[in-house]
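Text of structure06.csv (CSV, C-alpha atoms and all ligand atoms) as supplied:
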```
chain,number,residue,atom,x,y,z
A,361,MET,CA,-24.3,24.0,34.1
A,362,THR,CA,-22.3,21.6,32.0
A,363,ALA,CA,-21.2,22.2,28.5
A,364,GLU,CA,-22.7,19.6,26.1
A,365,ILE,CA,-20.0,17.7,24.1
A,366,ALA,CA,-21.0,17.6,20.4
A,367,ARG,CA,-21.1,14.0,19.2
A,368,VAL,CA,-19.8,13.1,15.8
A,369,THR,CA,-22.6,11.6,13.8
A,370,ARG,CA,-20.9,10.9,10.4
A,371,VAL,CA,-17.4,10.7,9.1
A,372,VAL,CA,-16.6,10.4,5.3
A,373,VAL,CA,-13.1,9.2,4.2
A,374,ARG,CA,-11.8,9.0,0.7
A,375,VAL,CA,-9.0,6.5,-0.2
A,376,PRO,CA,-7.1,5.8,-3.4
A,377,ALA,CA,-6.2,2.7,-5.3
A,378,LYS,CA,-2.6,1.7,-5.8
A,379,VAL,CA,-0.3,0.3,-8.5
A,380,ASN,CA,3.1,-1.3,-7.7
A,381,LEU,CA,5.6,0.5,-9.9
A,382,GLU,CA,8.1,-2.2,-8.8
A,383,LEU,CA,7.3,-5.4,-7.0
A,384,ARG,CA,10.4,-7.6,-6.2
A,385,VAL,CA,9.4,-10.8,-4.4
A,386,GLY,CA,11.8,-12.7,-2.2
A,387,PRO,CA,11.8,-16.4,-1.3
A,388,LEU,CA,8.7,-18.0,0.5
A,389,ARG,CA,9.0,-17.4,4.2
A,390,ASP,CA,8.1,-19.9,7.0
A,391,ASP,CA,4.9,-17.9,7.8
A,392,GLY,CA,3.6,-18.3,4.2
A,393,PHE,CA,4.4,-14.7,3.2
A,394,HIS,CA,7.2,-13.4,0.9
A,395,ASP,CA,9.6,-10.5,1.7
A,396,LEU,CA,9.0,-7.7,-0.7
A,397,ALA,CA,10.8,-4.6,-2.0
A,398,THR,CA,7.9,-2.7,-3.6
A,399,THR,CA,7.3,0.8,-4.7
A,400,PHE,CA,3.6,1.6,-4.1
A,401,HIS,CA,2.1,4.5,-6.1
A,402,ALA,CA,-1.4,5.9,-5.4
A,403,VAL,CA,-3.7,6.8,-8.3
A,404,ASP,CA,-6.9,8.9,-8.2
A,405,ILE,CA,-9.4,6.1,-8.4
A,406,PHE,CA,-11.1,6.6,-5.0
A,407,ASP,CA,-13.4,4.5,-2.8
A,408,GLU,CA,-15.5,6.5,-0.3
A,409,VAL,CA,-16.2,5.1,3.2
A,410,THR,CA,-18.9,6.6,5.5
A,411,VAL,CA,-19.3,5.6,9.1
A,412,THR,CA,-22.3,6.5,11.3
A,413,PRO,CA,-23.1,5.3,14.9
A,414,ASP,CA,-25.3,2.3,15.1
A,415,ALA,CA,-26.3,-0.5,17.5
A,416,GLU,CA,-24.2,-3.2,15.6
A,417,PHE,CA,-21.5,-3.2,13.0
A,418,SER,CA,-22.8,-3.5,9.5
A,419,VAL,CA,-21.5,-3.0,5.9
A,420,SER,CA,-23.3,-1.9,2.8
A,421,VAL,CA,-21.6,-1.6,-0.6
A,422,THR,CA,-22.6,0.2,-3.8
A,423,GLY,CA,-20.7,1.1,-6.9
A,424,VAL,CA,-18.3,-0.7,-9.2
A,425,GLY,CA,-18.2,-4.5,-8.5
A,426,GLU,CA,-20.6,-4.3,-5.6
A,427,ASP,CA,-22.0,-7.8,-6.2
A,428,LYS,CA,-18.5,-9.2,-5.7
A,429,VAL,CA,-17.9,-7.7,-2.3
A,430,PRO,CA,-19.1,-9.5,0.9
A,431,THR,CA,-21.2,-7.4,3.3
A,432,ASP,CA,-20.8,-9.7,6.3
A,433,GLU,CA,-18.0,-9.8,9.0
A,434,THR,CA,-15.5,-11.1,6.3
A,435,ASN,CA,-15.5,-7.6,4.7
A,436,LEU,CA,-12.1,-6.1,5.4
A,437,ALA,CA,-13.7,-2.8,6.4
A,438,TYR,CA,-15.9,-4.6,9.0
A,439,ARG,CA,-12.8,-6.4,10.3
A,440,ALA,CA,-11.0,-3.1,10.6
A,441,ALA,CA,-13.7,-1.5,12.7
A,442,ALA,CA,-14.1,-4.5,14.9
A,443,LEU,CA,-10.4,-4.9,15.5
A,444,LEU,CA,-10.0,-1.2,16.3
A,445,ALA,CA,-13.0,-1.4,18.8
A,446,GLU,CA,-11.5,-4.5,20.4
A,447,ARG,CA,-8.0,-3.1,20.7
A,448,PHE,CA,-9.1,0.2,22.3
A,449,ASP,CA,-12.1,-1.1,24.4
A,450,VAL,CA,-14.6,0.9,22.4
A,451,GLU,CA,-18.2,-0.2,23.1
A,452,GLU,CA,-19.7,1.9,20.3
A,453,ARG,CA,-20.6,0.3,17.0
A,454,CYS,CA,-21.1,1.7,13.5
A,455,ALA,CA,-22.7,1.2,10.1
A,456,ILE,CA,-20.1,1.3,7.4
A,457,SER,CA,-21.2,2.3,3.9
A,458,ILE,CA,-18.7,1.9,1.0
A,459,VAL,CA,-19.0,3.5,-2.4
A,460,LYS,CA,-16.6,1.5,-4.6
A,461,ALA,CA,-14.7,2.8,-7.7
A,462,ILE,CA,-11.6,0.7,-7.2
A,463,PRO,CA,-11.9,-2.5,-9.2
A,464,VAL,CA,-12.6,-5.6,-7.0
A,465,ALA,CA,-9.9,-8.3,-7.0
A,466,GLY,CA,-8.0,-6.4,-9.6
A,467,GLY,CA,-4.6,-6.1,-7.9
A,468,MET,CA,-5.3,-2.5,-6.9
A,469,ALA,CA,-5.8,-3.1,-3.2
A,470,GLY,CA,-9.5,-2.1,-3.0
A,471,GLY,CA,-10.3,-4.1,0.1
A,472,SER,CA,-7.2,-2.9,1.8
A,473,ALA,CA,-8.1,0.7,0.9
A,474,ASP,CA,-11.5,0.3,2.5
A,475,ALA,CA,-10.0,-1.1,5.6
A,476,ALA,CA,-7.5,1.8,5.9
A,477,ALA,CA,-10.4,4.3,5.3
A,478,THR,CA,-12.5,2.6,8.0
A,479,LEU,CA,-9.6,2.9,10.5
A,480,VAL,CA,-9.3,6.6,9.9
A,481,ALA,CA,-13.0,7.1,9.9
A,482,CYS,CA,-13.6,5.2,13.2
A,483,ASP,CA,-10.6,6.9,14.8
A,484,THR,CA,-12.4,10.2,14.2
A,485,LEU,CA,-16.0,8.9,15.0
A,486,TRP,CA,-14.9,7.5,18.3
A,487,GLY,CA,-12.5,10.4,19.2
A,488,LEU,CA,-9.6,8.1,19.8
A,489,GLY,CA,-6.9,10.5,18.5
A,490,LEU,CA,-4.6,7.7,17.5
A,491,ARG,CA,-1.0,8.4,16.4
A,492,ARG,CA,0.0,7.4,12.9
A,493,HIS,CA,2.2,4.5,14.1
A,494,GLU,CA,-0.8,3.1,16.2
A,495,LEU,CA,-3.0,3.1,13.1
A,496,GLU,CA,-0.2,1.5,11.0
A,497,GLU,CA,0.2,-1.3,13.5
A,498,ILE,CA,-3.5,-2.2,13.3
A,499,ALA,CA,-3.4,-1.8,9.5
A,500,ALA,CA,-0.6,-4.3,9.2
A,501,GLU,CA,-2.6,-6.9,11.1
A,502,LEU,CA,-5.4,-6.5,8.6
A,503,GLY,CA,-3.3,-7.1,5.5
A,504,SER,CA,0.1,-6.3,3.9
A,505,ASP,CA,-1.3,-3.6,1.6
A,506,VAL,CA,-3.3,-1.8,4.3
A,507,PRO,CA,-0.6,0.5,5.8
A,508,PHE,CA,0.2,2.0,2.4
A,509,ALA,CA,-3.4,3.0,1.9
A,510,LEU,CA,-3.1,5.2,5.0
A,511,THR,CA,0.0,6.9,3.6
A,512,GLY,CA,-0.7,7.1,-0.2
A,513,GLY,CA,1.5,9.1,-2.5
A,514,THR,CA,4.6,7.1,-3.5
A,515,ALA,CA,6.2,4.8,-0.9
A,516,LEU,CA,8.6,2.0,-0.5
A,517,GLY,CA,7.2,-1.1,1.1
A,518,THR,CA,9.4,-3.8,2.7
A,519,GLY,CA,8.9,-6.8,5.0
A,520,ARG,CA,5.7,-8.4,3.6
A,521,GLY,CA,4.9,-4.9,2.3
A,522,GLU,CA,3.6,-3.5,5.6
A,523,HIS,CA,6.7,-1.4,6.5
A,524,ILE,CA,6.2,1.9,4.6
A,525,VAL,CA,8.7,4.7,4.0
A,526,PRO,CA,7.5,7.6,1.7
A,527,VAL,CA,9.6,8.2,-1.4
A,528,LEU,CA,10.4,11.6,-2.9
A,529,ALA,CA,8.5,11.7,-6.2
A,530,THR,CA,7.8,14.7,-8.4
A,531,GLY,CA,5.6,14.9,-11.5
A,532,THR,CA,2.1,13.5,-12.1
A,533,PHE,CA,1.9,10.4,-14.4
A,534,GLU,CA,-1.0,9.5,-16.6
A,535,TRP,CA,-2.3,5.9,-16.5
A,536,LEU,CA,-4.8,3.8,-18.3
A,537,PHE,CA,-6.0,0.7,-16.5
A,538,ALA,CA,-7.4,-2.2,-18.4
A,539,LEU,CA,-9.8,-4.3,-16.3
A,540,THR,CA,-10.9,-7.9,-16.5
A,541,HIS,CA,-14.2,-8.9,-14.9
A,542,GLU,CA,-12.8,-12.2,-13.7
A,543,GLY,CA,-10.5,-11.5,-10.7
A,544,LEU,CA,-7.3,-13.3,-9.6
A,545,SER,CA,-6.8,-14.4,-6.0
A,546,THR,CA,-3.7,-12.9,-4.5
A,547,PRO,CA,-2.6,-16.2,-2.7
A,548,SER,CA,-2.9,-18.2,-5.9
A,549,VAL,CA,-0.8,-15.7,-7.8
A,550,TYR,CA,2.0,-15.9,-5.1
A,551,ALA,CA,1.7,-19.7,-5.2
A,552,GLU,CA,2.0,-19.8,-9.0
A,553,CYS,CA,5.1,-17.5,-8.7
A,554,ASP,CA,6.7,-20.0,-6.3
A,555,ARG,CA,5.8,-22.9,-8.6
A,556,LEU,CA,7.4,-21.1,-11.6
A,557,ARG,CA,10.6,-20.4,-9.6
A,558,GLU,CA,10.9,-23.8,-8.1
A,559,GLY,CA,14.6,-24.9,-7.9
A,560,GLU,CA,15.8,-21.3,-8.5
A,561,ASP,CA,18.0,-19.5,-6.0
A,562,VAL,CA,15.7,-16.5,-5.3
A,563,PRO,CA,17.7,-13.5,-3.9
A,564,GLU,CA,16.5,-11.1,-1.2
A,565,PRO,CA,14.4,-8.4,-2.9
A,566,GLN,CA,16.0,-5.0,-3.4
A,567,PRO,CA,14.5,-1.8,-4.9
A,568,SER,CA,16.2,-0.5,-8.0
A,569,ASP,CA,18.1,2.8,-7.8
A,570,GLY,CA,17.0,3.6,-11.4
A,571,LEU,CA,13.3,3.8,-10.4
A,572,LEU,CA,13.9,5.9,-7.3
A,573,ALA,CA,16.1,8.3,-9.2
A,574,SER,CA,13.5,8.7,-12.0
A,575,LEU,CA,10.8,9.3,-9.4
A,576,ARG,CA,12.8,12.0,-7.8
A,577,SER,CA,13.3,13.9,-11.0
A,578,GLY,CA,9.8,13.1,-12.3
A,579,ASP,CA,11.2,11.4,-15.5
A,580,VAL,CA,8.3,9.4,-16.9
A,581,HIS,CA,10.5,7.7,-19.4
A,582,GLY,CA,13.0,6.6,-16.7
A,583,VAL,CA,10.0,5.4,-14.6
A,584,ALA,CA,8.6,3.4,-17.6
A,585,LEU,CA,12.0,1.8,-18.1
A,586,ALA,CA,12.4,0.8,-14.5
A,587,MET,CA,8.9,-0.6,-13.8
A,588,HIS,CA,8.9,-4.3,-13.0
A,589,ASN,CA,6.7,-6.9,-11.4
A,590,ASP,CA,8.0,-10.3,-10.2
A,591,LEU,CA,4.3,-11.5,-10.0
A,592,GLU,CA,3.7,-10.7,-13.7
A,593,SER,CA,4.8,-14.1,-15.1
A,594,ALA,CA,2.5,-15.8,-12.5
A,595,ALA,CA,-0.5,-13.6,-13.4
A,596,LEU,CA,0.2,-14.3,-17.1
A,597,SER,CA,0.5,-18.0,-16.5
A,598,LEU,CA,-2.9,-18.0,-14.8
A,599,MET,CA,-4.5,-15.6,-17.3
A,600,PRO,CA,-2.7,-15.9,-20.7
A,601,SER,CA,-5.2,-13.5,-22.3
A,602,LEU,CA,-3.4,-10.6,-20.6
A,603,ARG,CA,-0.3,-11.0,-22.9
A,604,PRO,CA,-1.9,-9.9,-26.2
A,605,LEU,CA,-3.5,-7.0,-24.4
A,606,MET,CA,-0.1,-5.8,-23.0
A,607,GLU,CA,1.6,-6.3,-26.4
A,608,MET,CA,-1.1,-4.3,-28.2
A,609,GLY,CA,-0.8,-1.5,-25.6
A,610,LEU,CA,3.0,-1.3,-26.2
A,611,GLU,CA,2.6,-1.3,-30.0
A,612,MET,CA,0.1,1.5,-29.7
A,613,GLY,CA,2.1,4.0,-27.7
A,614,ALA,CA,2.2,3.0,-24.1
A,615,LEU,CA,5.5,3.8,-22.5
A,616,CYS,CA,5.1,0.7,-20.3
A,617,ALA,CA,2.6,-2.1,-19.7
A,618,LEU,CA,2.7,-3.9,-16.4
A,619,VAL,CA,0.4,-6.2,-14.5
A,620,SER,CA,-0.8,-4.3,-11.4
A,621,GLY,CA,0.2,-6.1,-8.2
A,622,SER,CA,-1.2,-9.6,-8.3
A,623,GLY,CA,-3.4,-8.7,-11.4
A,624,PRO,CA,-5.3,-9.2,-13.5
A,625,THR,CA,-5.6,-5.4,-14.1
A,626,VAL,CA,-3.0,-4.1,-16.5
A,627,ALA,CA,-1.5,-0.7,-16.0
A,628,PHE,CA,-0.4,1.3,-19.0
A,629,LEU,CA,1.8,4.3,-18.4
A,630,LEU,CA,1.4,7.1,-21.0
A,631,LYS,CA,3.1,10.4,-21.8
A,632,ASP,CA,-0.1,12.4,-21.3
A,633,ARG,CA,-3.9,12.1,-21.1
A,634,GLN,CA,-4.3,12.6,-24.9
A,635,ASP,CA,-2.2,9.5,-25.5
A,636,ALA,CA,-4.2,7.6,-22.8
A,637,VAL,CA,-7.5,8.5,-24.5
A,638,ALA,CA,-6.1,7.4,-27.9
A,639,LEU,CA,-4.8,4.1,-26.5
A,640,ARG,CA,-8.2,3.4,-24.8
A,641,ARG,CA,-10.0,3.8,-28.2
A,642,VAL,CA,-7.7,1.3,-29.9
A,643,LEU,CA,-7.8,-1.2,-27.1
A,644,GLU,CA,-11.6,-0.9,-26.8
A,645,ALA,CA,-11.9,-1.6,-30.5
A,646,GLY,CA,-9.6,-4.6,-30.0
A,647,GLY,CA,-11.9,-6.1,-27.4
A,648,LEU,CA,-9.0,-7.5,-25.3
A,649,ALA,CA,-10.2,-6.1,-21.9
A,650,ASP,CA,-13.7,-5.8,-20.3
A,651,ASP,CA,-13.4,-2.2,-19.2
A,652,PHE,CA,-10.9,0.8,-18.9
A,653,VAL,CA,-10.3,3.5,-16.3
A,654,HIS,CA,-8.1,6.6,-16.7
A,655,ALA,CA,-6.2,7.8,-13.7
A,656,SER,CA,-3.4,10.1,-12.6
A,657,SER,CA,-1.0,9.9,-9.7
A,658,THR,CA,-2.2,11.3,-6.4
A,659,PRO,CA,-0.3,12.4,-3.4
A,660,HIS,CA,-3.2,11.5,-1.1
A,661,GLY,CA,-3.8,8.5,1.2
A,662,ALA,CA,-6.9,7.9,3.3
A,663,GLN,CA,-8.2,11.4,3.8
A,664,VAL,CA,-11.1,12.7,6.0
A,665,LEU,CA,-13.6,14.6,3.7
A,666,VAL,CA,-16.5,15.2,6.1
A,667,VAL,CA,-17.1,15.2,9.8
A,668,ASP,CA,-20.7,16.0,11.0
A,701,LIG,C1,0.3,-8.3,-4.4
A,701,LIG,C2,0.2,-7.1,-3.4
A,701,LIG,O1,-1.0,-6.4,-3.6
A,701,LIG,C3,1.4,-6.2,-3.8
A,701,LIG,O2,1.3,-5.0,-3.1
A,701,LIG,C4,0.3,-7.5,-2.0
A,701,LIG,O3,1.5,-8.2,-1.7
A,701,LIG,C5,-0.9,-8.4,-1.5
A,701,LIG,O4,-1.2,-7.8,-0.3
A,701,LIG,P1,-2.6,-8.2,0.5
A,701,LIG,O5,-3.7,-8.4,-0.5
A,701,LIG,O6,-2.8,-7.2,1.5
A,701,LIG,O7,-2.2,-9.6,1.1
A,701,LIG,P2,-2.5,-10.2,2.5
A,701,LIG,O8,-3.9,-10.2,2.8
A,701,LIG,O9,-1.5,-9.7,3.5
A,701,LIG,O10,-2.0,-11.7,2.2
A,701,LIG,C6,-2.8,-12.6,1.4
A,701,LIG,C7,-1.9,-13.7,0.9
A,701,LIG,O11,-1.0,-13.3,-0.1
A,701,LIG,C8,0.2,-13.9,0.0
A,701,LIG,N1,1.3,-12.9,0.3
A,701,LIG,C9,0.9,-11.6,0.6
A,701,LIG,C10,1.9,-10.7,0.8
A,701,LIG,C11,3.3,-11.1,0.8
A,701,LIG,N2,4.3,-10.2,1.1
A,701,LIG,N3,3.6,-12.4,0.5
A,701,LIG,C12,2.6,-13.3,0.3
A,701,LIG,O12,2.9,-14.4,0.0
A,701,LIG,C13,0.1,-14.9,1.1
A,701,LIG,O13,-0.3,-16.1,0.5
A,701,LIG,C14,-1.1,-14.4,2.0
A,701,LIG,O14,-1.8,-15.3,2.7
A,702,LIG,N1,-14.1,-3.9,1.3
A,702,LIG,C1,-13.8,-4.8,0.3
A,702,LIG,N2,-13.7,-4.4,-1.0
A,702,LIG,C2,-13.4,-5.3,-1.9
A,702,LIG,N3,-13.2,-6.6,-1.7
A,702,LIG,C3,-13.3,-7.1,-0.5
A,702,LIG,C4,-13.6,-6.2,0.6
A,702,LIG,N4,-13.6,-6.9,1.7
A,702,LIG,C5,-13.3,-8.2,1.4
A,702,LIG,N5,-13.2,-8.3,0.1
A,702,LIG,C6,-12.8,-9.6,-0.6
A,702,LIG,O1,-11.5,-9.5,-1.0
A,702,LIG,C7,-11.2,-10.1,-2.3
A,702,LIG,C8,-10.0,-9.2,-2.9
A,702,LIG,O2,-10.5,-8.0,-3.2
A,702,LIG,P1,-9.6,-6.7,-3.4
A,702,LIG,O3,-10.4,-5.8,-4.3
A,702,LIG,O4,-9.1,-6.2,-2.2
A,702,LIG,O5,-8.5,-7.4,-4.3
A,702,LIG,P2,-7.1,-6.9,-4.8
A,702,LIG,O6,-7.3,-5.4,-5.2
A,702,LIG,O7,-6.6,-7.9,-5.8
A,702,LIG,O8,-6.2,-6.9,-3.5
A,702,LIG,P3,-4.6,-6.7,-3.4
A,702,LIG,O9,-4.2,-5.8,-4.5
A,702,LIG,O10,-4.5,-6.0,-2.0
A,702,LIG,O11,-4.0,-8.1,-3.4
A,702,LIG,C9,-12.5,-9.9,-3.0
A,702,LIG,O12,-12.7,-11.0,-3.8
A,702,LIG,C10,-13.6,-9.8,-2.0
A,702,LIG,O13,-14.3,-10.9,-1.9
```

Write the structure described by the file as structure tokens, please.
Amino acid sequence: MTAEIARVTRVVVRVPAKVNLELRVGPLRDDGFHDLATTFHAVDIFDEVTVTPDAEFSVSVTGVGEDKVPTDETNLAYRAAALLAERFDVEERCAISIVKAIPVAGGMAGGSADAAATLVACDTLWGLGLRRHELEEIAAELGSDVPFALTGGTALGTGRGEHIVPVLATGTFEWLFALTHEGLSTPSVYAECDRLREGEDVPEPQPSDGLLASLRSGDVHGVALAMHNDLESAALSLMPSLRPLMEMGLEMGALCALVSGSGPTVAFLLKDRQDAVALRRVLEAGGLADDFVHASSTPHGAQVLVVD
């Protein structure tokens, strides 16, 4: 008699959005990317990715911004599953269903998060048992932001953002994100950054000691003071309407207002949730953004929720 091996029929993975607390962008490299020194920070806005065995790969998307996300083989989650199968000679295929809460094309790495979640989900579905560094290597091939989404929490990203080292951070911060329906394309924001800096001598990017020290001690005021984004001027140049929104947020009690990644989402850091709710009311009345989302820091990265 042979023991029957139970087959996994469903894996659900939850994955957070990110904001870059600091994003220092070096000169344009020969391969079209820029060296970065960036401090990634995960917040509790989660996409949920479910994989189930099927005859072919497929993607379905529901939730926030579903109409803006492709469901063909260009979807980053589809590419993640296909790349993993190719690399490890897996013949099985799966249906990927994504429930989105992370704003699409908002500079919060939604597509990257879905790709990271799919890698973790398929690793479990297919019983590959991959080590963290093996998942990270494949993640880096899919996009610069994908490795961070595996790790979550707070982490320093170097290279083009794909080399990740966790950062010691204490405290939970309160955020209000102001969303704009119209997205910004990441390559065009980097290109605009190069255009604005033309002729300047751009130094190699370095993380600031001030931010890392404030994160260690959980000092929200120190974090607010040290937050910085080299892509912000480029995002503001492409979308000038973000400037009055940021100014109003600062006047109305935000400790810091920063464009998130390549934008156009604006991240406001607040002392507590009460201040965040009050700021949201004022900004909503001002009509300077299309929507708002509250969030707190989260220590999680892509995390398996269910295995059936
Ligand atoms: C703006 C950030 O979200 C900050 O974390 C990331 O740097 C963007 O990461 P991503 O969306 O995963 O970007 P990728 O898919 O790797 O690259 C898309 C395009 O963004 C530009 N890009 C991206 C990363 C980087 N370090 N330098 C770049 O110049 C390049 O034009 C590249 O072709
Ligand atoms: N699973 C996915 N979720 C969202 N967008 C996806 C996905 N797969 C592909 N895309 C495409 O990628 C584009 C960028 O979407 P995404 O939400 O990842 O942007 P972003 O948050 O600005 O990215 P980043 O912060 O990593 O630069 C979208 O316009 C969409 O067409």

With all atoms listed in the file as the counted atoms, please give the residues lying no more than 6 Å from Pro376 (chain A), apart from itself and same-chain residues fewer than 5 positions off, as a ChimeraX atom specification. /A:404-406

Within 12 Å of Glu522 (chain A) using only C-alpha atoms, minus same-chain residues under 6 positions, as a PyMOL selection string: chain A and resi 393-400+472+493+495-511+515-516

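Note that atom C9 of ligand LIG 702 (chain A) and CA of Glu382 (chain A) are 22.7 Å apart.
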
For Val424 (chain A), work out the shell of residues within 8 Å, counting all atoms listed in the file and skipping chain neighbours fewer than 6 positions away, then give it as a PyMOL selection string. chain A and resi 460-464

Straight-line distance linking CA of Gly543 (chain A) with CA of Ala617 (chain A), stated in Å to one decimal: 18.5 Å

Which residues are near region 562-567 of chain A? Cut-off 12 Å, only C-alpha atoms, ignore same chain within fewer than 5 positions. Put them as a PyMOL selection string. chain A and resi 380-389+394-400+515-521+527+553-554+556-557+572-573+586-590

Counting only C-alpha atoms, the residue among A:Arg447, A:Arg640, A:His541, A:Arg439 that lies closest to Ala465 (chain A) is A:His541
